Amino acid sequence: MATYLTDKLRNVVLCGHAGSGKTTLAETMLFEAKAITRRGTTTDGNTQSDYSALEQERGHSLFASVLHGTWKDTKINILDTPGLDDFSGEVVTALKVADTALMILNARNGVEVGTELIWEYIEKNETPTILVINQLDHEKADYETTLEQARARFGNRVIPFQFPVNQGPGFNAIVDALRMVMYKFPAGGGKPEKQPVPPEYQARANELHAALVEAAAENDDALMERFFEEGTLNEEDLAKGLKTGLAHRQYFPVFCASGLQDMGSGRIMGFIHDVCPSPADRPAAPLEGGGSKPCDAGARPCVFIFKTVQEPKVGNVSYFKVYSGTLKAGDELVNADNGTSERFSQLFESEGKNRDQVVALMAGDIGCTVKLKNSHTNQTLNPKGSELKIERIHFPPSRIRMAVVPPSKADIEKMAHALHTIREEDPTLILEQSLELKQNIIHGQGEMHLDVIRHKAEQNFGVQLQFAEPRIPYRETITRMVNQDYRHKKQSGGAGQFAEVHMRIEPYYDGMPDPAGLTVKNTEVEELKWGGKFVFVWAIVGGVIDTRFSNAIKKGIMAKLEEGPCTGSYCRDVRVSVYDGKMHDVDSNDMAFQIASTICFKEAFHKAHPQILEPIYDLEVMCDAEVMGNVMGDLQTRRAIIMGMDTEGHYQVIRARVPLKELHKYSSALRSITQGKAKFSMSYAEYAPVPADIQTRLTAEYAQSTHHEEH
Ligand SMILES: Nc1nc2c(ncn2[C@@H]2O[C@H](COP(=O)(O)OP(=O)(O)O)[C@@H](O)[C@H]2O)c(=O)[nH]1
Ligand SMILES: [Mg+2]
């Protein structure tokens, strides 16, 4: 296998809404590049990209896969990504290492909600982008509307380079305004015949040509001058202008295709070869902690692992990009995160599930290796003495939480091992062992995501995961002031126990005055690790309780703060002032005071009009106008408070505050009420009181559960 020089490398990512035809187009591109001799289909489940059993079973992509083909003398690495927002972590990953994005628009549907979501990621990465209007052979294909929506959404940098002739089932030709030719395809697609632009399309082609030449000249003063003088650019100037313009995102060219019918993909490959930036044409890669690393094949190697896949029999396959230098088989590099020295014994280029061994990979190239000891996704490896870290991939925040129930006690360890191993492969899975809720909670991107995790656990580890609705981390507080006393007295045989405590409990707020009428001796403010505060005031006069018992009294209260009197949840924002009591020379001790204060506090708390608080999330839903009514109707059943509504392009954005409890399984509910025409994100906002009926129910449930425990 050849080693490709950096300027003969292109890394492109195919992204777009689910079903726009990315995987089919990837297959066609490989076929055009003669990397494969037969085209598989996603319906038959035999494409290069969707090679995992799970993808074949589901009939759509779930994981980003790395493919490659060669065009003339250039190697084109193709990353195919899943379109469903449950798997957008894979898109973020692929965008990290790609140098050009191919945004696939489905000519049947125009700009879809997945397109919007991915566009945000593209903007963040500042990735040069080509728009491909695909499925032009479909009876519902509408190039004009799709283009119009793209321009409305992504601005006037969207420049059509092509338009279709006979779109719909008779689709058979594309007019190319860059080359000023018409590509006429044989029945069933394949290699087109170049024909002059027919007279009826001349005017339109000329107009597009002028616009794209202007776009090419725009970013270069010398070119602009020549363009104004001569009214056009020669081929060399045009090529140069197009290259810099694309790399700097000064325009987004629009191409036409039918991936299924093999029309247009060859021309796209040609454009990638001619115009798309090589890895060295992109800005230097940002490093953790500032600075950047230019893509320089002559420098020392710097390798970043962007993806890890566990394969049966093989173990971990690590996918990486060589950010600089030349990586040779046998090289030894050190992991900058954990200091492990790793030998890259074998290097491969990846073709879906297949791998071809290579001897070296140059700066900018993407490859994989096996059998690294202790290196994972998001880690950088350098030669000894260098500790550069390429900026990590930032994955989207979680959108679903679920409790995992181990099938049996014996399986707990097996389950933990399975989940930790899966997490190495998928950083959008987050594991939490919640002491507070006494549950193992996993956080992910949506139900389909968790479904894939369940499937992997079963297939690869023989563990049956069971999901359950997770508990909610409620909090408890009080709303009134109460004075309470309690005497603990016990006479059992020899030494007895005696302690009496009088305390005042009050709702705490920042800046509140000292407790009225009490003589404050000492105030301790505790920042509670679960949020909110606990203030402990010592206001004992005349030594009725010895100061040495104050710690025991405080401890007694803390015990209840950790297991609230109403629901067993954490308490917050309470001030307790101990102002009176009694002690006994012989029978008083720490234990007695701790018991007295726990019970005293509990009784006071119940009288102080306790209030249960629940976590509230900020929810943002973006949806198609036609499903807006469904989204709003559904939100009404979730105790949502609508905070605002906006229009973005032809989309509606709804911002609401919703209790976490009501967001359970929101991802699939939203998908089904909008037929996939909505996306959402959520983030923690605050704790707020639960409604009275819910409080009554929660308190009763807790009373019943502790009652059972006690008997
Ligand atoms: N008519 C038509 N259908 C297509 C085209 N490309 C893909 N499809 C169909 O659209 C569906 C989704 O295709 P797929 O490549 O899996 O889309 P992806 O989710 O973007 O990867 C499949 O049923 C394909 O057969 C196309 O160019 N024309
Ligand atoms: Mg796909």
# chains A, B, ... in the order shown; residues from 1 in each chain; ligands from 1
>>> closest_atom_pairs(of="chain A", to="ligand 1", cutoff="8 Å", atoms="only C-alpha atoms and all ligand atoms", output="JSON lines")
{"residue": "A:Cys15", "atom": "CA", "partner": "ligand 1", "partner_atom_place_in_ligand_line": "20 (O)", "distance": 7.4}
{"residue": "A:Gly16", "atom": "CA", "partner": "ligand 1", "partner_atom_place_in_ligand_line": "20 (O)", "distance": 6.4}
{"residue": "A:His17", "atom": "CA", "partner": "ligand 1", "partner_atom_place_in_ligand_line": "20 (O)", "distance": 6.4}
{"residue": "A:Ala18", "atom": "CA", "partner": "ligand 1", "partner_atom_place_in_ligand_line": "19 (O)", "distance": 4.1}
{"residue": "A:Gly19", "atom": "CA", "partner": "ligand 1", "partner_atom_place_in_ligand_line": "19 (O)", "distance": 3.5}
{"residue": "A:Ser20", "atom": "CA", "partner": "ligand 1", "partner_atom_place_in_ligand_line": "20 (O)", "distance": 4.0}
{"residue": "A:Gly21", "atom": "CA", "partner": "ligand 1", "partner_atom_place_in_ligand_line": "17 (O)", "distance": 3.3}
{"residue": "A:Lys22", "atom": "CA", "partner": "ligand 1", "partner_atom_place_in_ligand_line": "20 (O)", "distance": 3.7}
{"residue": "A:Thr23", "atom": "CA", "partner": "ligand 1", "partner_atom_place_in_ligand_line": "21 (O)", "distance": 3.8}
{"residue": "A:Thr24", "atom": "CA", "partner": "ligand 1", "partner_atom_place_in_ligand_line": "15 (O)", "distance": 3.7}
{"residue": "A:Leu25", "atom": "CA", "partner": "ligand 1", "partner_atom_place_in_ligand_line": "15 (O)", "distance": 6.4}
{"residue": "A:Ala26", "atom": "CA", "partner": "ligand 1", "partner_atom_place_in_ligand_line": "15 (O)", "distance": 7.9}
{"residue": "A:Thr41", "atom": "CA", "partner": "ligand 1", "partner_atom_place_in_ligand_line": "25 (O)", "distance": 6.6}
{"residue": "A:Thr42", "atom": "CA", "partner": "ligand 1", "partner_atom_place_in_ligand_line": "16 (O)", "distance": 5.0}
{"residue": "A:Thr43", "atom": "CA", "partner": "ligand 1", "partner_atom_place_in_ligand_line": "23 (O)", "distance": 5.9}
{"residue": "A:Gly59", "atom": "CA", "partner": "ligand 1", "partner_atom_place_in_ligand_line": "16 (O)", "distance": 6.9}
{"residue": "A:His60", "atom": "CA", "partner": "ligand 1", "partner_atom_place_in_ligand_line": "16 (O)", "distance": 5.2}
{"residue": "A:Ser61", "atom": "CA", "partner": "ligand 1", "partner_atom_place_in_ligand_line": "21 (O)", "distance": 5.9}
{"residue": "A:Asp80", "atom": "CA", "partner": "ligand 1", "partner_atom_place_in_ligand_line": "21 (O)", "distance": 7.6}
{"residue": "A:Thr81", "atom": "CA", "partner": "ligand 1", "partner_atom_place_in_ligand_line": "21 (O)", "distance": 7.4}
{"residue": "A:Pro82", "atom": "CA", "partner": "ligand 1", "partner_atom_place_in_ligand_line": "19 (O)", "distance": 6.3}
{"residue": "A:Gly83", "atom": "CA", "partner": "ligand 1", "partner_atom_place_in_ligand_line": "19 (O)", "distance": 5.7}
{"residue": "A:Ile104", "atom": "CA", "partner": "ligand 1", "partner_atom_place_in_ligand_line": "20 (O)", "distance": 7.6}
{"residue": "A:Asn134", "atom": "CA", "partner": "ligand 1", "partner_atom_place_in_ligand_line": "27 (O)", "distance": 5.5}
{"residue": "A:Gln135", "atom": "CA", "partner": "ligand 1", "partner_atom_place_in_ligand_line": "27 (O)", "distance": 3.4}
{"residue": "A:Leu136", "atom": "CA", "partner": "ligand 1", "partner_atom_place_in_ligand_line": "27 (O)", "distance": 6.3}
{"residue": "A:Asp137", "atom": "CA", "partner": "ligand 1", "partner_atom_place_in_ligand_line": "1 (N)", "distance": 5.4}
{"residue": "A:His138", "atom": "CA", "partner": "ligand 1", "partner_atom_place_in_ligand_line": "1 (N)", "distance": 4.3}
{"residue": "A:Glu139", "atom": "CA", "partner": "ligand 1", "partner_atom_place_in_ligand_line": "1 (N)", "distance": 7.7}
{"residue": "A:Ala257", "atom": "CA", "partner": "ligand 1", "partner_atom_place_in_ligand_line": "27 (O)", "distance": 6.6}
{"residue": "A:Ser258", "atom": "CA", "partner": "ligand 1", "partner_atom_place_in_ligand_line": "27 (O)", "distance": 3.5}
{"residue": "A:Gly259", "atom": "CA", "partner": "ligand 1", "partner_atom_place_in_ligand_line": "27 (O)", "distance": 3.9}
{"residue": "A:Leu260", "atom": "CA", "partner": "ligand 1", "partner_atom_place_in_ligand_line": "27 (O)", "distance": 4.0}
{"residue": "A:Gln261", "atom": "CA", "partner": "ligand 1", "partner_atom_place_in_ligand_line": "27 (O)", "distance": 6.1}
{"residue": "A:Asp262", "atom": "CA", "partner": "ligand 1", "partner_atom_place_in_ligand_line": "27 (O)", "distance": 7.7}
>>> residues_around(residues="Val537 of chain A", least_positions_apart="2", cutoff="7 Å", atoms="only C-alpha atoms", output="ChimeraX atom specification")
/A:520,522-524,535,539,576-578
>>> residues_around(residues="Leu663 of chain A", least_positions_apart="6", cutoff="12 Å", atoms="only C-alpha atoms", output="mmCIF file with all heavy atoms, in the first residue's frame")
data_model
loop_
_atom_site.group_PDB
_atom_site.id
_atom_site.type_symbol
_atom_site.label_atom_id
_atom_site.label_comp_id
_atom_site.auth_asym_id
_atom_site.auth_seq_id
_atom_site.Cartn_x
_atom_site.Cartn_y
_atom_site.Cartn_z
ATOM 1 N N ARG A 399 -29.144 13.575 27.544
ATOM 2 C CA ARG A 399 -30.546 13.954 27.403
ATOM 3 C C ARG A 399 -31.491 12.896 27.966
ATOM 4 O O ARG A 399 -32.698 12.996 27.834
ATOM 5 C CB ARG A 399 -30.869 14.187 25.929
ATOM 6 C CG ARG A 399 -29.924 15.198 25.268
ATOM 7 C CD ARG A 399 -30.354 15.506 23.882
ATOM 8 N NE ARG A 399 -30.589 14.264 23.175
ATOM 9 C CZ ARG A 399 -31.314 14.177 22.088
ATOM 10 N NH1 ARG A 399 -31.883 15.240 21.596
ATOM 11 N NH2 ARG A 399 -31.473 13.012 21.497
ATOM 12 N N ILE A 400 -30.892 11.868 28.539
ATOM 13 C CA ILE A 400 -31.761 10.847 29.146
ATOM 14 C C ILE A 400 -31.009 10.223 30.311
ATOM 15 O O ILE A 400 -29.779 10.116 30.271
ATOM 16 C CB ILE A 400 -32.142 9.761 28.107
ATOM 17 C CG1 ILE A 400 -33.213 8.826 28.675
ATOM 18 C CG2 ILE A 400 -30.942 8.950 27.660
ATOM 19 C CD1 ILE A 400 -33.817 7.872 27.661
ATOM 20 N N ARG A 401 -31.735 9.884 31.378
ATOM 21 C CA ARG A 401 -31.135 9.143 32.475
ATOM 22 C C ARG A 401 -32.027 7.952 32.772
ATOM 23 O O ARG A 401 -33.238 8.024 32.639
ATOM 24 C CB ARG A 401 -30.933 10.032 33.706
ATOM 25 C CG ARG A 401 -32.197 10.680 34.213
ATOM 26 C CD ARG A 401 -31.908 11.837 35.149
ATOM 27 N NE ARG A 401 -31.568 11.443 36.505
ATOM 28 C CZ ARG A 401 -32.446 11.060 37.432
ATOM 29 N NH1 ARG A 401 -33.734 10.962 37.127
ATOM 30 N NH2 ARG A 401 -32.059 10.754 38.643
ATOM 31 N N MET A 402 -31.376 6.879 33.147
ATOM 32 C CA MET A 402 -32.123 5.648 33.364
ATOM 33 C C MET A 402 -31.394 4.860 34.444
ATOM 34 O O MET A 402 -30.165 4.873 34.512
ATOM 35 C CB MET A 402 -32.108 4.877 32.041
ATOM 36 C CG MET A 402 -33.175 3.875 31.838
ATOM 37 S SD MET A 402 -34.849 4.539 31.805
ATOM 38 C CE MET A 402 -35.166 4.635 30.061
ATOM 39 N N GLY A 446 -30.459 9.310 24.386
ATOM 40 C CA GLY A 446 -31.856 9.057 24.054
ATOM 41 C C GLY A 446 -32.119 7.569 24.169
ATOM 42 O O GLY A 446 -31.189 6.785 24.395
ATOM 43 N N GLU A 469 -37.176 3.269 35.613
ATOM 44 C CA GLU A 469 -37.259 4.719 35.777
ATOM 45 C C GLU A 469 -36.399 5.109 36.975
ATOM 46 O O GLU A 469 -36.530 4.543 38.051
ATOM 47 C CB GLU A 469 -38.719 5.145 36.000
ATOM 48 C CG GLU A 469 -38.841 6.654 36.027
ATOM 49 C CD GLU A 469 -40.288 7.147 36.018
ATOM 50 O OE1 GLU A 469 -41.202 6.347 35.783
ATOM 51 O OE2 GLU A 469 -40.465 8.359 36.243
ATOM 52 N N PRO A 470 -35.506 6.066 36.799
ATOM 53 C CA PRO A 470 -34.629 6.416 37.914
ATOM 54 C C PRO A 470 -35.365 7.261 38.943
ATOM 55 O O PRO A 470 -36.330 7.947 38.612
ATOM 56 C CB PRO A 470 -33.525 7.242 37.249
ATOM 57 C CG PRO A 470 -34.157 7.805 36.034
ATOM 58 C CD PRO A 470 -35.244 6.872 35.604
ATOM 59 N N ILE A 472 -35.798 10.416 41.509
ATOM 60 C CA ILE A 472 -35.522 11.838 41.305
ATOM 61 C C ILE A 472 -34.785 12.360 42.539
ATOM 62 O O ILE A 472 -35.186 12.066 43.670
ATOM 63 C CB ILE A 472 -36.843 12.621 41.123
ATOM 64 C CG1 ILE A 472 -37.614 12.106 39.904
ATOM 65 C CG2 ILE A 472 -36.604 14.125 41.030
ATOM 66 C CD1 ILE A 472 -36.965 12.376 38.570
ATOM 67 N N PRO A 615 -35.801 18.975 40.935
ATOM 68 C CA PRO A 615 -34.949 19.616 39.927
ATOM 69 C C PRO A 615 -35.761 20.011 38.694
ATOM 70 O O PRO A 615 -36.576 19.228 38.204
ATOM 71 C CB PRO A 615 -33.919 18.551 39.571
ATOM 72 C CG PRO A 615 -34.468 17.263 40.075
ATOM 73 C CD PRO A 615 -35.494 17.546 41.109
ATOM 74 N N ILE A 616 -35.513 21.221 38.244
ATOM 75 C CA ILE A 616 -36.184 21.743 37.054
ATOM 76 C C ILE A 616 -35.130 21.920 35.968
ATOM 77 O O ILE A 616 -34.019 22.374 36.240
ATOM 78 C CB ILE A 616 -36.824 23.118 37.344
ATOM 79 C CG1 ILE A 616 -37.734 23.044 38.566
ATOM 80 C CG2 ILE A 616 -37.556 23.661 36.121
ATOM 81 C CD1 ILE A 616 -39.015 22.301 38.385
ATOM 82 N N TYR A 617 -35.493 21.562 34.751
ATOM 83 C CA TYR A 617 -34.551 21.670 33.627
ATOM 84 C C TYR A 617 -35.026 22.710 32.623
ATOM 85 O O TYR A 617 -36.229 22.896 32.430
ATOM 86 C CB TYR A 617 -34.397 20.301 32.943
ATOM 87 C CG TYR A 617 -33.361 19.445 33.628
ATOM 88 C CD1 TYR A 617 -33.552 19.015 34.941
ATOM 89 C CD2 TYR A 617 -32.179 19.105 32.980
ATOM 90 C CE1 TYR A 617 -32.589 18.268 35.596
ATOM 91 C CE2 TYR A 617 -31.208 18.346 33.625
ATOM 92 C CZ TYR A 617 -31.421 17.932 34.931
ATOM 93 O OH TYR A 617 -30.463 17.197 35.565
ATOM 94 N N ASP A 618 -34.049 23.366 32.015
ATOM 95 C CA ASP A 618 -34.339 24.208 30.859
ATOM 96 C C ASP A 618 -34.416 23.296 29.653
ATOM 97 O O ASP A 618 -33.484 22.541 29.383
ATOM 98 C CB ASP A 618 -33.193 25.216 30.627
ATOM 99 C CG ASP A 618 -33.318 26.418 31.537
ATOM 100 O OD1 ASP A 618 -34.463 26.832 31.813
ATOM 101 O OD2 ASP A 618 -32.279 26.934 31.980
ATOM 102 N N LEU A 619 -35.517 23.371 28.940
ATOM 103 C CA LEU A 619 -35.698 22.527 27.770
ATOM 104 C C LEU A 619 -35.801 23.423 26.551
ATOM 105 O O LEU A 619 -36.483 24.455 26.598
ATOM 106 C CB LEU A 619 -36.992 21.713 27.926
ATOM 107 C CG LEU A 619 -37.385 20.828 26.749
ATOM 108 C CD1 LEU A 619 -36.508 19.584 26.714
ATOM 109 C CD2 LEU A 619 -38.848 20.416 26.862
ATOM 110 N N ASP A 634 -48.181 18.401 24.121
ATOM 111 C CA ASP A 634 -47.485 17.411 24.934
ATOM 112 C C ASP A 634 -46.825 18.073 26.151
ATOM 113 O O ASP A 634 -46.853 17.537 27.254
ATOM 114 C CB ASP A 634 -46.444 16.710 24.061
ATOM 115 C CG ASP A 634 -45.543 15.807 24.863
ATOM 116 O OD1 ASP A 634 -46.010 14.724 25.258
ATOM 117 O OD2 ASP A 634 -44.389 16.197 25.125
ATOM 118 N N LEU A 635 -46.260 19.267 25.935
ATOM 119 C CA LEU A 635 -45.590 19.958 27.051
ATOM 120 C C LEU A 635 -46.583 20.281 28.167
ATOM 121 O O LEU A 635 -46.238 20.266 29.345
ATOM 122 C CB LEU A 635 -44.900 21.238 26.560
ATOM 123 C CG LEU A 635 -43.565 21.030 25.851
ATOM 124 C CD1 LEU A 635 -43.030 22.355 25.315
ATOM 125 C CD2 LEU A 635 -42.530 20.389 26.773
ATOM 126 N N THR A 637 -48.852 18.490 29.242
ATOM 127 C CA THR A 637 -49.051 17.328 30.112
ATOM 128 C C THR A 637 -47.821 17.076 30.982
ATOM 129 O O THR A 637 -47.800 16.153 31.769
ATOM 130 C CB THR A 637 -49.331 16.054 29.288
ATOM 131 O OG1 THR A 637 -48.116 15.706 28.602
ATOM 132 C CG2 THR A 637 -50.434 16.271 28.271
ATOM 133 N N ARG A 638 -46.778 17.874 30.806
ATOM 134 C CA ARG A 638 -45.536 17.654 31.544
ATOM 135 C C ARG A 638 -45.240 18.758 32.561
ATOM 136 O O ARG A 638 -44.096 18.997 32.907
ATOM 137 C CB ARG A 638 -44.357 17.549 30.565
ATOM 138 C CG ARG A 638 -44.480 16.366 29.641
ATOM 139 C CD ARG A 638 -43.352 16.289 28.638
ATOM 140 N NE ARG A 638 -43.626 15.245 27.655
ATOM 141 C CZ ARG A 638 -43.265 13.978 27.797
ATOM 142 N NH1 ARG A 638 -42.576 13.596 28.836
ATOM 143 N NH2 ARG A 638 -43.583 13.093 26.880
ATOM 144 N N ARG A 639 -46.236 19.457 32.988
ATOM 145 C CA ARG A 639 -46.090 20.550 33.963
ATOM 146 C C ARG A 639 -45.052 21.578 33.490
ATOM 147 O O ARG A 639 -44.288 22.136 34.271
ATOM 148 C CB ARG A 639 -45.672 20.002 35.338
ATOM 149 C CG ARG A 639 -46.718 19.090 35.964
ATOM 150 C CD ARG A 639 -46.410 18.864 37.438
ATOM 151 N NE ARG A 639 -45.415 17.850 37.680
ATOM 152 C CZ ARG A 639 -44.351 18.001 38.448
ATOM 153 N NH1 ARG A 639 -44.140 19.170 39.042
ATOM 154 N NH2 ARG A 639 -43.498 17.031 38.627
ATOM 155 N N ALA A 640 -44.995 21.806 32.198
ATOM 156 C CA ALA A 640 -43.986 22.724 31.658
ATOM 157 C C ALA A 640 -44.441 24.177 31.800
ATOM 158 O O ALA A 640 -45.635 24.468 31.732
ATOM 159 C CB ALA A 640 -43.751 22.405 30.187
ATOM 160 N N ALA A 656 -38.712 26.098 27.468
ATOM 161 C CA ALA A 656 -39.618 25.829 28.585
ATOM 162 C C ALA A 656 -38.825 25.356 29.789
ATOM 163 O O ALA A 656 -37.676 24.935 29.654
ATOM 164 C CB ALA A 656 -40.632 24.769 28.183
ATOM 165 N N ARG A 657 -39.455 25.474 30.959
ATOM 166 C CA ARG A 657 -38.884 24.895 32.166
ATOM 167 C C ARG A 657 -39.747 23.705 32.540
ATOM 168 O O ARG A 657 -40.966 23.849 32.662
ATOM 169 C CB ARG A 657 -38.894 25.922 33.290
ATOM 170 C CG ARG A 657 -37.843 26.971 33.045
ATOM 171 C CD ARG A 657 -37.236 27.385 34.338
ATOM 172 N NE ARG A 657 -35.909 27.885 34.043
ATOM 173 C CZ ARG A 657 -35.193 28.593 34.899
ATOM 174 N NH1 ARG A 657 -35.668 28.854 36.098
ATOM 175 N NH2 ARG A 657 -33.995 29.010 34.563
ATOM 176 N N ALA A 669 -40.728 10.150 23.060
ATOM 177 C CA ALA A 669 -42.059 10.760 22.969
ATOM 178 C C ALA A 669 -42.040 11.856 21.905
ATOM 179 O O ALA A 669 -42.915 11.923 21.043
ATOM 180 C CB ALA A 669 -42.452 11.339 24.323
ATOM 181 N N LEU A 670 -41.001 12.689 21.955
ATOM 182 C CA LEU A 670 -40.914 13.791 20.996
ATOM 183 C C LEU A 670 -40.787 13.261 19.570
ATOM 184 O O LEU A 670 -41.428 13.762 18.644
ATOM 185 C CB LEU A 670 -39.713 14.689 21.343
ATOM 186 C CG LEU A 670 -39.584 15.945 20.512
ATOM 187 C CD1 LEU A 670 -40.729 16.908 20.814
ATOM 188 C CD2 LEU A 670 -38.248 16.648 20.773
ATOM 189 N N PHE A 680 -34.153 18.385 20.523
ATOM 190 C CA PHE A 680 -34.217 19.085 21.799
ATOM 191 C C PHE A 680 -32.905 18.981 22.546
ATOM 192 O O PHE A 680 -32.070 18.134 22.255
ATOM 193 C CB PHE A 680 -35.358 18.527 22.663
ATOM 194 C CG PHE A 680 -35.014 17.229 23.358
ATOM 195 C CD1 PHE A 680 -34.719 17.218 24.711
ATOM 196 C CD2 PHE A 680 -34.980 16.040 22.660
ATOM 197 C CE1 PHE A 680 -34.396 16.027 25.360
ATOM 198 C CE2 PHE A 680 -34.661 14.853 23.303
ATOM 199 C CZ PHE A 680 -34.374 14.849 24.650
ATOM 200 N N SER A 681 -32.725 19.888 23.495
ATOM 201 C CA SER A 681 -31.610 19.777 24.419
ATOM 202 C C SER A 681 -32.127 20.183 25.789
ATOM 203 O O SER A 681 -33.156 20.855 25.896
ATOM 204 C CB SER A 681 -30.455 20.673 23.988
ATOM 205 O OG SER A 681 -30.891 22.013 23.991
ATOM 206 N N MET A 682 -31.438 19.752 26.819
ATOM 207 C CA MET A 682 -31.886 20.094 28.164
ATOM 208 C C MET A 682 -30.699 20.323 29.075
ATOM 209 O O MET A 682 -29.638 19.755 28.868
ATOM 210 C CB MET A 682 -32.778 18.977 28.720
ATOM 211 C CG MET A 682 -32.125 17.603 28.738
ATOM 212 S SD MET A 682 -33.317 16.308 29.135
ATOM 213 C CE MET A 682 -32.852 15.973 30.833
ATOM 214 N N SER A 683 -30.877 21.204 30.057
ATOM 215 C CA SER A 683 -29.812 21.411 31.031
ATOM 216 C C SER A 683 -30.429 21.820 32.365
ATOM 217 O O SER A 683 -31.493 22.442 32.410
ATOM 218 C CB SER A 683 -28.845 22.497 30.539
ATOM 219 O OG SER A 683 -29.561 23.693 30.340
ATOM 220 N N TYR A 684 -29.747 21.471 33.440
ATOM 221 C CA TYR A 684 -30.261 21.721 34.784
ATOM 222 C C TYR A 684 -30.411 23.223 35.015
ATOM 223 O O TYR A 684 -29.534 24.010 34.695
ATOM 224 C CB TYR A 684 -29.302 21.127 35.825
ATOM 225 C CG TYR A 684 -29.581 21.616 37.224
ATOM 226 C CD1 TYR A 684 -30.663 21.134 37.945
ATOM 227 C CD2 TYR A 684 -28.776 22.594 37.809
ATOM 228 C CE1 TYR A 684 -30.944 21.610 39.217
ATOM 229 C CE2 TYR A 684 -29.042 23.083 39.081
ATOM 230 C CZ TYR A 684 -30.134 22.586 39.778
ATOM 231 O OH TYR A 684 -30.415 23.067 41.027
#
>>> residues_around(residues="Pro294 of chain A", least_positions_apart="3", cutoff="7 Å", atoms="only C-alpha atoms", output="JSON, numbers by chain")
{"A": [284, 285, 324]}
>>> write_last_selection(atoms="all heavy atoms", output="short mmCIF file (atom, residue, chain, number, x, y, z; two decimals), in the first residue's frame")
data_model
loop_
_atom_site.label_atom_id
_atom_site.label_comp_id
_atom_site.auth_asym_id
_atom_site.auth_seq_id
_atom_site.Cartn_x
_atom_site.Cartn_y
_atom_site.Cartn_z
N ALA A 284 -3.94 25.31 12.08
CA ALA A 284 -3.26 24.40 12.99
C ALA A 284 -4.23 23.93 14.07
O ALA A 284 -5.12 24.68 14.48
CB ALA A 284 -2.07 25.12 13.63
N ALA A 285 -4.06 22.67 14.50
CA ALA A 285 -5.03 22.09 15.45
C ALA A 285 -4.84 22.68 16.84
O ALA A 285 -3.72 22.68 17.36
CB ALA A 285 -4.82 20.58 15.50
N SER A 324 0.59 15.44 13.11
CA SER A 324 1.81 15.94 12.47
C SER A 324 2.81 14.80 12.41
O SER A 324 2.62 13.76 13.04
CB SER A 324 2.39 17.14 13.23
OG SER A 324 3.18 16.68 14.29
#
>>> residues_around(residues="Thr244 of chain A", least_positions_apart="4", cutoff="10 Å", atoms="only C-alpha atoms", output="list in words")
Ala216, Ala217, Asn219, Asp220, Ala239, Lys240, His248, Arg249, Gln250, Tyr251, Val275, Cys276, Pro277 and Asp281 of chain A
>>> closest_residue(among="A:Pro164, A:Val574, A:Gln594, A:Leu528", to="Ser550 of chain A", atoms="only C-alpha atoms")
A:Gln594
>>> closest_residue(among="A:Glu342, A:Asp50, A:Glu229, A:Asp7", to="ligand 2", atoms="only C-alpha atoms and all ligand atoms")
A:Asp50
>>> residues_around(residues="Ser668 of chain A", least_positions_apart="4", cutoff="9 Å", atoms="only C-alpha atoms", output="list in words")
Gly446, Glu447, Met448, Ser672 and Ile673 of chain A
>>> residues_around(residues="segment 263-273 of chain A", least_positions_apart="4", cutoff="10 Å", atoms="only C-alpha atoms", output="VMD selection string")
chain A and resid 8 to 12 25 to 33 69 to 76 100 102 130 132 134 to 137 162 164 171 to 174 176 183 to 186 188 to 192 255 to 259 277 to 278
>>> select_by_dssp(residues="segment 157-359 of chain A", states="helix (DSSP H, G or I)", output="PyMOL selection string")
chain A and resi 199-217+221-230+235-247+265-274+279-281
>>> atom_distance(atom1="atom CA of Ala685 of chain A", atom2="atom CA of Ala403 of chain A")
21.7 Å
>>> atom_distance(atom1="atom CA of Ile390 of chain A", atom2="atom CA of Gly291 of chain A")
9.7 Å
>>> select_by_dssp(residues="segment 476-612 of chain A", states="strand (DSSP E or B)", output="ChimeraX atom specification")
/A:476-478,482-490,497-507,522-527,533-538,570-571,574-582,610-612
>>> closest_atom_pairs(of="segment 419-464 of chain A", to="segment 307-314 of chain A", cutoff="9 Å", atoms="only C-alpha atoms", output="JSON lines")
{"residue": "A:Thr421", "atom": "CA", "partner": "A:Gln310", "partner_atom": "CA", "distance": 8.4}
{"residue": "A:Ile422", "atom": "CA", "partner": "A:Gln310", "partner_atom": "CA", "distance": 8.2}
{"residue": "A:Glu424", "atom": "CA", "partner": "A:Thr308", "partner_atom": "CA", "distance": 6.9}
{"residue": "A:Glu425", "atom": "CA", "partner": "A:Thr308", "partner_atom": "CA", "distance": 4.9}
{"residue": "A:Asp426", "atom": "CA", "partner": "A:Thr308", "partner_atom": "CA", "distance": 7.9}
{"residue": "A:Asn460", "atom": "CA", "partner": "A:Pro312", "partner_atom": "CA", "distance": 7.6}
>>> closest_residue(among="A:Thr326, A:Gln611, A:Thr93, A:Thr674", to="Met632 of chain A", atoms="only C-alpha atoms")
A:Thr674
>>> atom_distance(atom1="atom CA of Tyr4 of chain A", atom2="atom CA of Lys389 of chain A")
24.6 Å
